[in-house]
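Chemist: Next comes structure_20.cif, mmCIF, C-alpha atoms and all ligand atoms; chains and numbers go by the auth columns:
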data_query
loop_
_atom_site.group_PDB
_atom_site.id
_atom_site.type_symbol
_atom_site.label_atom_id
_atom_site.label_comp_id
_atom_site.label_asym_id
_atom_site.label_seq_id
_atom_site.Cartn_x
_atom_site.Cartn_y
_atom_site.Cartn_z
_atom_site.B_iso_or_equiv
_atom_site.auth_seq_id
_atom_site.auth_asym_id
ATOM 1 C CA MET A 1 -74.875 -7.148 -128.825 0.00 1 T
ATOM 2 C CA ASP A 2 -71.977 -6.833 -131.298 0.00 2 T
ATOM 3 C CA GLY A 3 -73.959 -4.250 -133.251 0.00 3 T
ATOM 4 C CA LEU A 4 -73.613 -1.886 -130.300 0.00 4 T
ATOM 5 C CA ARG A 5 -69.847 -1.482 -130.610 0.00 5 T
ATOM 6 C CA GLY A 6 -68.939 2.086 -131.537 0.00 6 T
ATOM 7 C CA LYS A 7 -72.504 3.263 -130.908 0.00 7 T
ATOM 8 C CA PHE A 8 -73.500 6.449 -129.116 0.00 8 T
ATOM 9 C CA LEU A 9 -76.515 6.186 -126.792 0.00 9 T
ATOM 10 C CA VAL A 10 -78.123 8.892 -124.672 0.00 10 T
ATOM 11 C CA LEU A 11 -80.396 8.749 -121.626 0.00 11 T
ATOM 12 C CA ASP A 12 -82.395 11.908 -121.164 0.00 12 T
ATOM 13 C CA GLY A 13 -85.705 13.123 -119.783 0.00 13 T
ATOM 14 C CA PRO A 14 -87.323 15.320 -117.136 0.00 14 T
ATOM 15 C CA ASP A 15 -85.671 15.656 -113.720 0.00 15 T
ATOM 16 C CA GLY A 16 -86.350 12.696 -111.425 0.00 16 T
ATOM 17 C CA GLY A 17 -86.770 10.173 -114.267 0.00 17 T
ATOM 18 C CA GLY A 18 -84.028 7.947 -112.833 0.00 18 T
ATOM 19 C CA LYS A 19 -81.388 8.447 -115.559 0.00 19 T
ATOM 20 C CA THR A 20 -78.493 8.009 -113.176 0.00 20 T
ATOM 21 C CA THR A 21 -79.701 4.719 -111.690 0.00 21 T
ATOM 22 C CA VAL A 22 -80.890 3.341 -115.008 0.00 22 T
ATOM 23 C CA GLY A 23 -77.614 4.408 -116.653 0.00 23 T
ATOM 24 C CA ARG A 24 -75.529 2.673 -114.018 0.00 24 T
ATOM 25 C CA LEU A 25 -77.507 -0.589 -114.250 0.00 25 T
ATOM 26 C CA LEU A 26 -77.637 -0.507 -118.035 0.00 26 T
ATOM 27 C CA ALA A 27 -73.879 0.108 -118.273 0.00 27 T
ATOM 28 C CA ARG A 28 -73.272 -2.874 -115.992 0.00 28 T
ATOM 29 C CA ARG A 29 -75.502 -5.082 -118.099 0.00 29 T
ATOM 30 C CA LEU A 30 -73.808 -3.981 -121.322 0.00 30 T
ATOM 31 C CA THR A 31 -70.376 -4.580 -119.791 0.00 31 T
ATOM 32 C CA ASP A 32 -71.459 -8.045 -118.641 0.00 32 T
ATOM 33 C CA ALA A 33 -72.547 -8.700 -122.231 0.00 33 T
ATOM 34 C CA GLY A 34 -68.917 -8.119 -123.285 0.00 34 T
ATOM 35 C CA LEU A 35 -69.059 -4.511 -124.446 0.00 35 T
ATOM 36 C CA SER A 36 -66.554 -1.844 -123.563 0.00 36 T
ATOM 37 C CA VAL A 37 -68.716 0.972 -122.193 0.00 37 T
ATOM 38 C CA VAL A 38 -67.793 4.613 -121.625 0.00 38 T
ATOM 39 C CA GLN A 39 -70.239 6.531 -119.437 0.00 39 T
ATOM 40 C CA CYS A 40 -70.313 10.311 -119.385 0.00 40 T
ATOM 41 C CA ARG A 41 -72.569 13.169 -118.394 0.00 41 T
ATOM 42 C CA ASP A 42 -73.579 16.371 -120.072 0.00 42 T
ATOM 43 C CA PRO A 43 -73.045 19.080 -118.928 0.00 43 T
ATOM 44 C CA GLY A 44 -69.667 18.063 -117.512 0.00 44 T
ATOM 45 C CA GLY A 45 -67.676 14.898 -118.064 0.00 45 T
ATOM 46 C CA THR A 46 -64.397 16.749 -118.659 0.00 46 T
ATOM 47 C CA LYS A 47 -62.303 19.119 -116.559 0.00 47 T
ATOM 48 C CA VAL A 48 -63.485 22.100 -118.592 0.00 48 T
ATOM 49 C CA GLY A 49 -67.064 20.802 -118.719 0.00 49 T
ATOM 50 C CA ASP A 50 -67.241 20.231 -114.952 0.00 50 T
ATOM 51 C CA ARG A 51 -66.332 23.860 -114.384 0.00 51 T
ATOM 52 C CA ILE A 52 -68.979 24.996 -116.836 0.00 52 T
ATOM 53 C CA ARG A 53 -71.484 22.698 -115.111 0.00 53 T
ATOM 54 C CA SER A 54 -70.909 24.287 -111.726 0.00 54 T
ATOM 55 C CA VAL A 55 -71.515 27.727 -113.237 0.00 55 T
ATOM 56 C CA LEU A 56 -74.703 26.520 -114.930 0.00 56 T
ATOM 57 C CA LEU A 57 -76.196 24.916 -111.840 0.00 57 T
ATOM 58 C CA ASP A 58 -75.213 27.609 -109.359 0.00 58 T
ATOM 59 C CA PHE A 59 -78.418 29.020 -107.962 0.00 59 T
ATOM 60 C CA ASP A 60 -76.882 32.443 -107.483 0.00 60 T
ATOM 61 C CA LEU A 61 -76.543 32.678 -111.263 0.00 61 T
ATOM 62 C CA ALA A 62 -80.158 31.753 -111.977 0.00 62 T
ATOM 63 C CA SER A 63 -80.719 35.123 -113.654 0.00 63 T
ATOM 64 C CA MET A 64 -78.290 34.165 -116.443 0.00 64 T
ATOM 65 C CA ASP A 65 -79.373 35.258 -119.908 0.00 65 T
ATOM 66 C CA ILE A 66 -80.872 32.385 -121.923 0.00 66 T
ATOM 67 C CA ARG A 67 -78.340 32.801 -124.752 0.00 67 T
ATOM 68 C CA CYS A 68 -75.443 32.670 -122.338 0.00 68 T
ATOM 69 C CA GLU A 69 -76.971 29.578 -120.694 0.00 69 T
ATOM 70 C CA THR A 70 -77.520 27.796 -124.008 0.00 70 T
ATOM 71 C CA PHE A 71 -74.023 28.598 -125.277 0.00 71 T
ATOM 72 C CA LEU A 72 -72.496 27.285 -122.046 0.00 72 T
ATOM 73 C CA PHE A 73 -74.357 23.975 -122.379 0.00 73 T
ATOM 74 C CA MET A 74 -73.119 23.745 -125.958 0.00 74 T
ATOM 75 C CA ALA A 75 -69.565 24.670 -124.965 0.00 75 T
ATOM 76 C CA SER A 76 -69.428 21.927 -122.347 0.00 76 T
ATOM 77 C CA ARG A 77 -70.817 19.491 -124.918 0.00 77 T
ATOM 78 C CA ALA A 78 -68.310 20.469 -127.605 0.00 78 T
ATOM 79 C CA GLN A 79 -65.491 19.650 -125.180 0.00 79 T
ATOM 80 C CA LEU A 80 -67.127 16.372 -124.130 0.00 80 T
ATOM 81 C CA VAL A 81 -67.526 15.241 -127.731 0.00 81 T
ATOM 82 C CA ALA A 82 -63.973 16.202 -128.722 0.00 82 T
ATOM 83 C CA GLU A 83 -62.252 14.838 -125.634 0.00 83 T
ATOM 84 C CA ILE A 84 -64.296 11.771 -124.678 0.00 84 T
ATOM 85 C CA ILE A 85 -67.117 10.741 -126.999 0.00 85 T
ATOM 86 C CA ARG A 86 -65.513 10.880 -130.442 0.00 86 T
ATOM 87 C CA PRO A 87 -62.276 9.070 -129.429 0.00 87 T
ATOM 88 C CA ALA A 88 -64.266 6.389 -127.577 0.00 88 T
ATOM 89 C CA LEU A 89 -66.530 5.741 -130.571 0.00 89 T
ATOM 90 C CA ALA A 90 -63.511 5.606 -132.885 0.00 90 T
ATOM 91 C CA ALA A 91 -62.033 2.931 -130.596 0.00 91 T
ATOM 92 C CA GLY A 92 -65.191 0.826 -130.985 0.00 92 T
ATOM 93 C CA LYS A 93 -66.522 1.549 -127.484 0.00 93 T
ATOM 94 C CA LEU A 94 -70.153 2.051 -126.654 0.00 94 T
ATOM 95 C CA VAL A 95 -70.785 5.523 -125.228 0.00 95 T
ATOM 96 C CA LEU A 96 -73.654 5.969 -122.786 0.00 96 T
ATOM 97 C CA CYS A 97 -74.202 9.650 -122.097 0.00 97 T
ATOM 98 C CA ASP A 98 -76.435 11.199 -119.444 0.00 98 T
ATOM 99 C CA ARG A 99 -78.244 13.978 -121.421 0.00 99 T
ATOM 100 C CA PHE A 100 -77.226 15.677 -124.669 0.00 100 T
ATOM 101 C CA ILE A 101 -78.611 18.221 -127.191 0.00 101 T
ATOM 102 C CA SER A 102 -82.069 16.716 -126.580 0.00 102 T
ATOM 103 C CA ALA A 103 -81.942 18.285 -123.086 0.00 103 T
ATOM 104 C CA THR A 104 -81.223 21.738 -124.503 0.00 104 T
ATOM 105 C CA CYS A 105 -84.200 21.311 -126.847 0.00 105 T
ATOM 106 C CA ALA A 106 -86.401 20.514 -123.841 0.00 106 T
ATOM 107 C CA TYR A 107 -85.072 22.881 -121.145 0.00 107 T
ATOM 108 C CA GLN A 108 -83.837 25.925 -123.051 0.00 108 T
ATOM 109 C CA GLY A 109 -86.732 25.364 -125.465 0.00 109 T
ATOM 110 C CA ALA A 110 -89.052 25.653 -122.429 0.00 110 T
ATOM 111 C CA ALA A 111 -87.284 28.891 -121.516 0.00 111 T
ATOM 112 C CA GLY A 112 -88.139 30.283 -124.960 0.00 112 T
ATOM 113 C CA TYR A 113 -85.066 29.495 -127.055 0.00 113 T
ATOM 114 C CA ASP A 114 -85.990 28.734 -130.668 0.00 114 T
ATOM 115 C CA PHE A 115 -85.889 24.985 -131.433 0.00 115 T
ATOM 116 C CA GLU A 116 -84.202 25.320 -134.840 0.00 116 T
ATOM 117 C CA ALA A 117 -81.615 27.694 -133.385 0.00 117 T
ATOM 118 C CA ILE A 118 -80.778 25.087 -130.721 0.00 118 T
ATOM 119 C CA LEU A 119 -80.308 22.409 -133.387 0.00 119 T
ATOM 120 C CA SER A 120 -78.159 24.722 -135.441 0.00 120 T
ATOM 121 C CA LEU A 121 -75.923 25.504 -132.432 0.00 121 T
ATOM 122 C CA GLY A 122 -75.879 21.782 -131.663 0.00 122 T
ATOM 123 C CA ARG A 123 -74.606 20.944 -135.142 0.00 123 T
ATOM 124 C CA HIS A 124 -71.904 23.515 -134.710 0.00 124 T
ATOM 125 C CA ALA A 125 -70.897 22.112 -131.302 0.00 125 T
ATOM 126 C CA VAL A 126 -70.846 18.378 -132.085 0.00 126 T
ATOM 127 C CA GLY A 127 -70.535 18.160 -135.871 0.00 127 T
ATOM 128 C CA THR A 128 -71.764 14.775 -137.023 0.00 128 T
ATOM 129 C CA THR A 129 -71.518 13.109 -133.590 0.00 129 T
ATOM 130 C CA TRP A 130 -75.223 12.610 -132.885 0.00 130 T
ATOM 131 C CA PRO A 131 -76.619 9.681 -130.893 0.00 131 T
ATOM 132 C CA ALA A 132 -77.668 6.462 -132.619 0.00 132 T
ATOM 133 C CA LEU A 133 -80.519 6.388 -130.108 0.00 133 T
ATOM 134 C CA THR A 134 -81.803 8.669 -127.336 0.00 134 T
ATOM 135 C CA PHE A 135 -84.044 7.213 -124.651 0.00 135 T
ATOM 136 C CA VAL A 136 -86.292 9.767 -122.986 0.00 136 T
ATOM 137 C CA LEU A 137 -87.147 8.432 -119.517 0.00 137 T
ATOM 138 C CA ASP A 138 -90.506 10.085 -119.161 0.00 138 T
ATOM 139 C CA VAL A 139 -92.092 10.952 -115.809 0.00 139 T
ATOM 140 C CA PRO A 140 -94.817 13.478 -115.038 0.00 140 T
ATOM 141 C CA PRO A 141 -93.385 16.486 -113.106 0.00 141 T
ATOM 142 C CA ASP A 142 -95.299 15.452 -109.946 0.00 142 T
ATOM 143 C CA VAL A 143 -93.520 12.095 -109.849 0.00 143 T
ATOM 144 C CA GLY A 144 -90.123 13.401 -110.954 0.00 144 T
ATOM 145 C CA LEU A 145 -90.008 16.371 -108.622 0.00 145 T
ATOM 146 C CA GLU A 146 -91.196 14.310 -105.694 0.00 146 T
ATOM 147 C CA ARG A 147 -88.391 11.798 -106.324 0.00 147 T
ATOM 148 C CA ILE A 148 -85.888 14.653 -106.326 0.00 148 T
ATOM 149 C CA HIS A 149 -87.215 16.060 -103.087 0.00 149 T
ATOM 150 C CA ARG A 150 -86.966 12.679 -101.443 0.00 150 T
ATOM 151 C CA ARG A 151 -83.333 12.114 -102.442 0.00 151 T
ATOM 152 C CA PRO A 152 -80.940 12.269 -99.525 0.00 152 T
ATOM 153 C CA ASP A 153 -78.855 15.423 -99.652 0.00 153 T
ATOM 154 C CA ALA A 154 -75.360 14.414 -100.716 0.00 154 T
ATOM 155 C CA GLY A 155 -73.788 16.879 -98.303 0.00 155 T
ATOM 156 C CA ARG A 156 -74.323 19.904 -100.472 0.00 156 T
ATOM 157 C CA THR A 157 -75.218 23.141 -98.820 0.00 157 T
ATOM 158 C CA GLY A 158 -77.270 25.974 -100.132 0.00 158 T
ATOM 159 C CA SER A 159 -80.602 27.648 -100.016 0.00 159 T
ATOM 160 C CA LEU A 160 -83.420 25.285 -99.130 0.00 160 T
ATOM 161 C CA VAL A 161 -86.649 26.740 -100.384 0.00 161 T
ATOM 162 C CA ALA A 162 -88.061 25.273 -103.564 0.00 162 T
ATOM 163 C CA THR A 163 -90.512 26.932 -105.907 0.00 163 T
ATOM 164 C CA CYS A 164 -91.888 23.593 -107.074 0.00 164 T
ATOM 165 C CA VAL A 165 -92.293 21.390 -104.003 0.00 165 T
ATOM 166 C CA PRO A 166 -95.138 18.982 -104.781 0.00 166 T
ATOM 167 C CA ALA A 167 -98.005 18.636 -102.313 0.00 167 T
ATOM 168 C CA GLY A 168 -97.584 16.004 -99.608 0.00 168 T
ATOM 169 C CA VAL A 169 -93.787 15.960 -99.484 0.00 169 T
ATOM 170 C CA ALA A 170 -92.438 15.627 -95.949 0.00 170 T
ATOM 171 C CA PRO A 171 -90.716 18.775 -94.585 0.00 171 T
ATOM 172 C CA LEU A 172 -87.471 16.890 -93.959 0.00 172 T
ATOM 173 C CA ALA A 173 -87.368 15.835 -97.573 0.00 173 T
ATOM 174 C CA GLN A 174 -87.550 19.472 -98.606 0.00 174 T
ATOM 175 C CA ALA A 175 -84.277 20.177 -96.827 0.00 175 T
ATOM 176 C CA ARG A 176 -82.154 19.509 -99.856 0.00 176 T
ATOM 177 C CA HIS A 177 -80.207 21.837 -102.025 0.00 177 T
ATOM 178 C CA LEU A 178 -81.950 22.282 -105.356 0.00 178 T
ATOM 179 C CA ASP A 179 -79.969 23.375 -108.361 0.00 179 T
ATOM 180 C CA ALA A 180 -80.886 26.312 -110.572 0.00 180 T
ATOM 181 C CA MET A 181 -82.916 24.137 -112.970 0.00 181 T
ATOM 182 C CA GLU A 182 -84.829 22.194 -110.329 0.00 182 T
ATOM 183 C CA ARG A 183 -85.915 25.457 -108.708 0.00 183 T
ATOM 184 C CA ARG A 184 -87.778 26.694 -111.755 0.00 184 T
ATOM 185 C CA PRO A 185 -91.565 26.906 -111.486 0.00 185 T
ATOM 186 C CA ARG A 186 -93.886 23.992 -112.088 0.00 186 T
ATOM 187 C CA SER A 187 -95.126 25.428 -115.427 0.00 187 T
ATOM 188 C CA PHE A 188 -91.528 25.323 -116.696 0.00 188 T
ATOM 189 C CA HIS A 189 -91.247 21.614 -115.843 0.00 189 T
ATOM 190 C CA ASP A 190 -94.567 20.914 -117.599 0.00 190 T
ATOM 191 C CA GLN A 191 -93.188 22.546 -120.738 0.00 191 T
ATOM 192 C CA VAL A 192 -89.895 20.635 -120.429 0.00 192 T
ATOM 193 C CA ARG A 193 -91.817 17.387 -120.406 0.00 193 T
ATOM 194 C CA ALA A 194 -93.974 18.421 -123.367 0.00 194 T
ATOM 195 C CA ASN A 195 -90.810 19.299 -125.301 0.00 195 T
ATOM 196 C CA PHE A 196 -89.272 15.903 -124.544 0.00 196 T
ATOM 197 C CA LEU A 197 -92.441 14.131 -125.676 0.00 197 T
ATOM 198 C CA ALA A 198 -92.370 16.057 -128.973 0.00 198 T
ATOM 199 C CA LEU A 199 -88.779 15.069 -129.769 0.00 199 T
ATOM 200 C CA PRO A 200 -89.409 11.838 -131.734 0.00 200 T
ATOM 201 C CA SER A 201 -90.901 13.845 -134.597 0.00 201 T
ATOM 202 C CA ARG A 202 -88.613 16.904 -134.369 0.00 202 T
ATOM 203 C CA TYR A 203 -85.126 15.768 -133.362 0.00 203 T
ATOM 204 C CA PRO A 204 -82.676 14.972 -136.176 0.00 204 T
ATOM 205 C CA ALA A 205 -81.667 11.625 -134.571 0.00 205 T
ATOM 206 C CA PRO A 206 -83.783 8.676 -133.317 0.00 206 T
ATOM 207 C CA VAL A 207 -85.627 9.197 -130.015 0.00 207 T
ATOM 208 C CA GLU A 208 -87.639 6.657 -128.045 0.00 208 T
ATOM 209 C CA ILE A 209 -89.963 7.584 -125.177 0.00 209 T
ATOM 210 C CA VAL A 210 -89.927 5.164 -122.233 0.00 210 T
ATOM 211 C CA ASP A 211 -92.372 5.250 -119.316 0.00 211 T
ATOM 212 C CA ALA A 212 -90.026 5.769 -116.364 0.00 212 T
ATOM 213 C CA SER A 213 -92.758 5.708 -113.741 0.00 213 T
ATOM 214 C CA ALA A 214 -92.818 1.911 -114.301 0.00 214 T
ATOM 215 C CA PRO A 215 -90.752 -0.306 -111.926 0.00 215 T
ATOM 216 C CA LEU A 216 -87.002 -0.054 -112.497 0.00 216 T
ATOM 217 C CA GLU A 217 -86.653 -3.659 -113.728 0.00 217 T
ATOM 218 C CA GLN A 218 -89.342 -3.064 -116.312 0.00 218 T
ATOM 219 C CA VAL A 219 -87.691 0.137 -117.531 0.00 219 T
ATOM 220 C CA LEU A 220 -84.380 -1.695 -117.904 0.00 220 T
ATOM 221 C CA GLU A 221 -86.026 -4.559 -119.764 0.00 221 T
ATOM 222 C CA THR A 222 -87.664 -2.128 -122.209 0.00 222 T
ATOM 223 C CA LEU A 223 -84.309 -0.481 -122.937 0.00 223 T
ATOM 224 C CA TRP A 224 -82.601 -3.852 -123.308 0.00 224 T
ATOM 225 C CA GLU A 225 -85.158 -5.188 -125.790 0.00 225 T
ATOM 226 C CA ARG A 226 -84.900 -1.977 -127.833 0.00 226 T
ATOM 227 C CA LEU A 227 -81.090 -2.104 -127.840 0.00 227 T
ATOM 228 C CA LYS A 228 -81.116 -5.649 -129.193 0.00 228 T
ATOM 229 C CA ARG A 229 -82.798 -4.262 -132.308 0.00 229 T
ATOM 230 C CA LEU A 230 -80.279 -1.467 -132.828 0.00 230 T
HETATM 231 P P1 LIG B . -78.790 16.552 -114.539 0.00 1 M
HETATM 232 O O1 LIG B . -80.170 16.452 -113.983 0.00 1 M
HETATM 233 O O2 LIG B . -78.563 15.571 -115.603 0.00 1 M
HETATM 234 O O3 LIG B . -77.736 16.569 -113.494 0.00 1 M
HETATM 235 O O4 LIG B . -78.706 17.972 -115.326 0.00 1 M
HETATM 236 C C1 LIG B . -78.615 19.153 -114.667 0.00 1 M
HETATM 237 C C2 LIG B . -79.726 20.127 -115.010 0.00 1 M
HETATM 238 O O5 LIG B . -79.390 20.839 -116.197 0.00 1 M
HETATM 239 C C3 LIG B . -81.068 19.473 -115.250 0.00 1 M
HETATM 240 O O6 LIG B . -82.056 20.161 -114.509 0.00 1 M
HETATM 241 C C4 LIG B . -81.303 19.655 -116.709 0.00 1 M
HETATM 242 C C5 LIG B . -80.498 20.867 -117.066 0.00 1 M
HETATM 243 N N1 LIG B . -80.027 20.916 -118.459 0.00 1 M
HETATM 244 C C6 LIG B . -80.442 21.956 -119.281 0.00 1 M
HETATM 245 O O7 LIG B . -81.188 22.826 -118.865 0.00 1 M
HETATM 246 N N2 LIG B . -79.979 21.977 -120.582 0.00 1 M
HETATM 247 C C7 LIG B . -79.126 21.049 -121.075 0.00 1 M
HETATM 248 O O8 LIG B . -78.725 21.117 -122.251 0.00 1 M
HETATM 249 C C8 LIG B . -78.687 19.982 -120.196 0.00 1 M
HETATM 250 C C9 LIG B . -77.747 18.938 -120.693 0.00 1 M
HETATM 251 C C10 LIG B . -79.168 19.952 -118.898 0.00 1 M
#
Please express the file's structure as structure tokens.
Ligand code: TMP

Modeler:
Amino acid sequence: MDGLRGKFLVLDGPDGGGKTTVGRLLARRLTDAGLSVVQCRDPGGTKVGDRIRSVLLDFDLASMDIRCETFLFMASRAQLVAEIIRPALAAGKLVLCDRFISATCAYQGAAGYDFEAILSLGRHAVGTTWPALTFVLDVPPDVGLERIHRRPDAGRTGSLVATCVPAGVAPLAQARHLDAMERRPRSFHDQVRANFLALPSRYPAPVEIVDASAPLEQVLETLWERLKRL
């Protein structure tokens, strides 16, 4: 695992793919293997970034112009790279980041933003700090959105009606605050997934697609085996 020191890894993928759980377990495993791991999330991960994140995910602002939205994601990311990621990598730590430019390609790409323009903004925001490897935890929207709807509400309040509640989800499970992204229509989430699946041939850094509808242990094992080869 020595080859992983100073490496930048990203977990990304459609909503409900299990990034948070997988990230936590993977970070623990990497730490147990003797690595110094820094975990962060995008958007957010810094004081400035967390403020930008709350603006981005505020449902009341869902009518935000796509350029404004994309620039805000990039702004949060620029701060995260400058304040957390770059110094950590320079100190030989492994950085495990929840989402990155790959997410803008998928989500803002699905909202109509030009792919090359996103990459160009991305280069401006992060310079040469691109991930050594991005894992896309892939789940079909039906599975991902159902997982989200079944999550216990972490005490957040807000409007409760979703535009993309999958069939067969219990009414109680629908009583959860959905953020501005999760509330977008089903067709949007289909396009997000398609954009993620297209990344290996379009993204300027390595991307690996992982089937995240498999059992958690299996997903972790797949990531682990791939990391050994990095
Ligand atoms: P999260 O699911 O990782 O908390 O991310 C919050 C939402 O923001 C999620 O629905 C994906 C979305 N998002 C974008 O639309 N563009 C981006 O560049 C990023 C990083 C996230």

Chemist: Neighbouring residues of ligand LIG 1 (chain M) are defined here as those with any atom at most 10 Å from a ligand atom, counting only C-alpha atoms and all ligand atoms; list them as a PDB file with C-alpha atoms, in the frame of the given file.

Modeler:
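File produced: out.pdb:
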ATOM      1  CA  LEU T  11     -80.396   8.749-121.626  1.00  0.00           C
ATOM      2  CA  ASP T  12     -82.395  11.908-121.164  1.00  0.00           C
ATOM      3  CA  GLY T  13     -85.705  13.123-119.783  1.00  0.00           C
ATOM      4  CA  PRO T  14     -87.323  15.320-117.136  1.00  0.00           C
ATOM      5  CA  ASP T  15     -85.671  15.656-113.720  1.00  0.00           C
ATOM      6  CA  GLY T  16     -86.350  12.696-111.425  1.00  0.00           C
ATOM      7  CA  GLY T  17     -86.770  10.173-114.267  1.00  0.00           C
ATOM      8  CA  GLY T  18     -84.028   7.947-112.833  1.00  0.00           C
ATOM      9  CA  LYS T  19     -81.388   8.447-115.559  1.00  0.00           C
ATOM     10  CA  THR T  20     -78.493   8.009-113.176  1.00  0.00           C
ATOM     11  CA  ARG T  41     -72.569  13.169-118.394  1.00  0.00           C
ATOM     12  CA  ASP T  42     -73.579  16.371-120.072  1.00  0.00           C
ATOM     13  CA  PRO T  43     -73.045  19.080-118.928  1.00  0.00           C
ATOM     14  CA  GLY T  44     -69.667  18.063-117.512  1.00  0.00           C
ATOM     15  CA  ARG T  53     -71.484  22.698-115.111  1.00  0.00           C
ATOM     16  CA  SER T  54     -70.909  24.287-111.726  1.00  0.00           C
ATOM     17  CA  LEU T  56     -74.703  26.520-114.930  1.00  0.00           C
ATOM     18  CA  LEU T  57     -76.196  24.916-111.840  1.00  0.00           C
ATOM     19  CA  GLU T  69     -76.971  29.578-120.694  1.00  0.00           C
ATOM     20  CA  THR T  70     -77.520  27.796-124.008  1.00  0.00           C
ATOM     21  CA  PHE T  71     -74.023  28.598-125.277  1.00  0.00           C
ATOM     22  CA  LEU T  72     -72.496  27.285-122.046  1.00  0.00           C
ATOM     23  CA  PHE T  73     -74.357  23.975-122.379  1.00  0.00           C
ATOM     24  CA  MET T  74     -73.119  23.745-125.958  1.00  0.00           C
ATOM     25  CA  SER T  76     -69.428  21.927-122.347  1.00  0.00           C
ATOM     26  CA  ARG T  77     -70.817  19.491-124.918  1.00  0.00           C
ATOM     27  CA  CYS T  97     -74.202   9.650-122.097  1.00  0.00           C
ATOM     28  CA  ASP T  98     -76.435  11.199-119.444  1.00  0.00           C
ATOM     29  CA  ARG T  99     -78.244  13.978-121.421  1.00  0.00           C
ATOM     30  CA  PHE T 100     -77.226  15.677-124.669  1.00  0.00           C
ATOM     31  CA  ILE T 101     -78.611  18.221-127.191  1.00  0.00           C
ATOM     32  CA  SER T 102     -82.069  16.716-126.580  1.00  0.00           C
ATOM     33  CA  ALA T 103     -81.942  18.285-123.086  1.00  0.00           C
ATOM     34  CA  THR T 104     -81.223  21.738-124.503  1.00  0.00           C
ATOM     35  CA  CYS T 105     -84.200  21.311-126.847  1.00  0.00           C
ATOM     36  CA  ALA T 106     -86.401  20.514-123.841  1.00  0.00           C
ATOM     37  CA  TYR T 107     -85.072  22.881-121.145  1.00  0.00           C
ATOM     38  CA  GLN T 108     -83.837  25.925-123.051  1.00  0.00           C
ATOM     39  CA  GLY T 109     -86.732  25.364-125.465  1.00  0.00           C
ATOM     40  CA  ALA T 110     -89.052  25.653-122.429  1.00  0.00           C
ATOM     41  CA  ALA T 111     -87.284  28.891-121.516  1.00  0.00           C
ATOM     42  CA  ILE T 118     -80.778  25.087-130.721  1.00  0.00           C
ATOM     43  CA  GLY T 122     -75.879  21.782-131.663  1.00  0.00           C
ATOM     44  CA  ILE T 148     -85.888  14.653-106.326  1.00  0.00           C
ATOM     45  CA  LEU T 178     -81.950  22.282-105.356  1.00  0.00           C
ATOM     46  CA  ASP T 179     -79.969  23.375-108.361  1.00  0.00           C
ATOM     47  CA  ALA T 180     -80.886  26.312-110.572  1.00  0.00           C
ATOM     48  CA  MET T 181     -82.916  24.137-112.970  1.00  0.00           C
ATOM     49  CA  GLU T 182     -84.829  22.194-110.329  1.00  0.00           C
ATOM     50  CA  ARG T 183     -85.915  25.457-108.708  1.00  0.00           C
ATOM     51  CA  ARG T 184     -87.778  26.694-111.755  1.00  0.00           C
ATOM     52  CA  HIS T 189     -91.247  21.614-115.843  1.00  0.00           C
ATOM     53  CA  VAL T 192     -89.895  20.635-120.429  1.00  0.00           C
TER      54      VAL T 192
END

Chemist: Which residues are close to Val143 (chain T), i.e. within 8 Å by only C-alpha atoms, leaving aside same-chain residues fewer than 3 positions away? Reply as a ChimeraX atom specification.

Modeler: /T:16,139-140,146-147,213

Chemist: Have a look at CA of Arg150 (chain T) and CA of Phe59 (chain T) and let me know their distance in Å, one decimal.

Modeler: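 Distance reported for this atom pair: 19.6 Å.
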
Chemist: Written as a list in words, which residues does the PyMOL selection byres (((chain T and resi 91) around 12) and not hetatm) give for the file shown?

Modeler: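 Checking the PyMOL selection byres (((chain T and resi 91) around 12) and not hetatm) against this file, the residues are Arg5, Gly6, Lys7, Leu35, Ser36, Val37, Val38, Ile84, Ile85, Arg86, Pro87, Ala88, Leu89, Ala90, Gly92, Lys93, Leu94 and Val95 of chain T.
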
Chemist: Using Å and a single decimal, report how far CA of Leu223 (chain T) sits from CA of Ala27 (chain T).

Modeler: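 A separation of 11.4 Å between them.
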
Chemist: Can you work out which one of T:Val126, T:Ala62, T:Val10, T:Val48 has the shortest atom-to-atom distance to Leu96 (chain T), counting all atoms listed in the file?

Modeler: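 Residue with the minimum atom-to-atom distance to Leu96 (chain T): T:Val10.
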
Chemist: Take every atom of region 213-222 of chain T listed in the file, pad by 5 Å on each side, and give me the axis-aligned box centre and edge lengths in Å, one decimal, as AutoDock Vina command-line options.

Modeler:
--center_x -88.6 --center_y 0.6 --center_z -117.1 --size_x 18.4 --size_y 20.3 --size_z 20.3

Chemist: Care to translate the PyMOL selection byres (((chain T and resi 46) around 8) and not hetatm) into actual residues of this file, as a PDB file with C-alpha atoms, in the frame of the given file?

Modeler:
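Resulting contents of selection.pdb:
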ATOM      1  CA  GLY T  44     -69.667  18.063-117.512  1.00  0.00           C
ATOM      2  CA  GLY T  45     -67.676  14.898-118.064  1.00  0.00           C
ATOM      3  CA  LYS T  47     -62.303  19.119-116.559  1.00  0.00           C
ATOM      4  CA  VAL T  48     -63.485  22.100-118.592  1.00  0.00           C
ATOM      5  CA  GLY T  49     -67.064  20.802-118.719  1.00  0.00           C
ATOM      6  CA  ASP T  50     -67.241  20.231-114.952  1.00  0.00           C
ATOM      7  CA  GLN T  79     -65.491  19.650-125.180  1.00  0.00           C
ATOM      8  CA  LEU T  80     -67.127  16.372-124.130  1.00  0.00           C
ATOM      9  CA  GLU T  83     -62.252  14.838-125.634  1.00  0.00           C
ATOM     10  CA  ILE T  84     -64.296  11.771-124.678  1.00  0.00           C
TER      11      ILE T  84
END

Chemist: Residue by residue, what does the PyMOL selection byres (((chain T and resi 203-207) around 6) and not hetatm) grab here? Present the result as a JSON list (two decimals) with C-alpha atoms, keeping the file's coordinate frame.

Modeler:
[["chain", "number", "residue", "atom", "x", "y", "z"],
["T", 133, "LEU", "CA", -80.52, 6.39, -130.11],
["T", 134, "THR", "CA", -81.80, 8.67, -127.34],
["T", 135, "PHE", "CA", -84.04, 7.21, -124.65],
["T", 199, "LEU", "CA", -88.78, 15.07, -129.77],
["T", 200, "PRO", "CA", -89.41, 11.84, -131.73],
["T", 202, "ARG", "CA", -88.61, 16.90, -134.37],
["T", 208, "GLU", "CA", -87.64, 6.66, -128.04]]
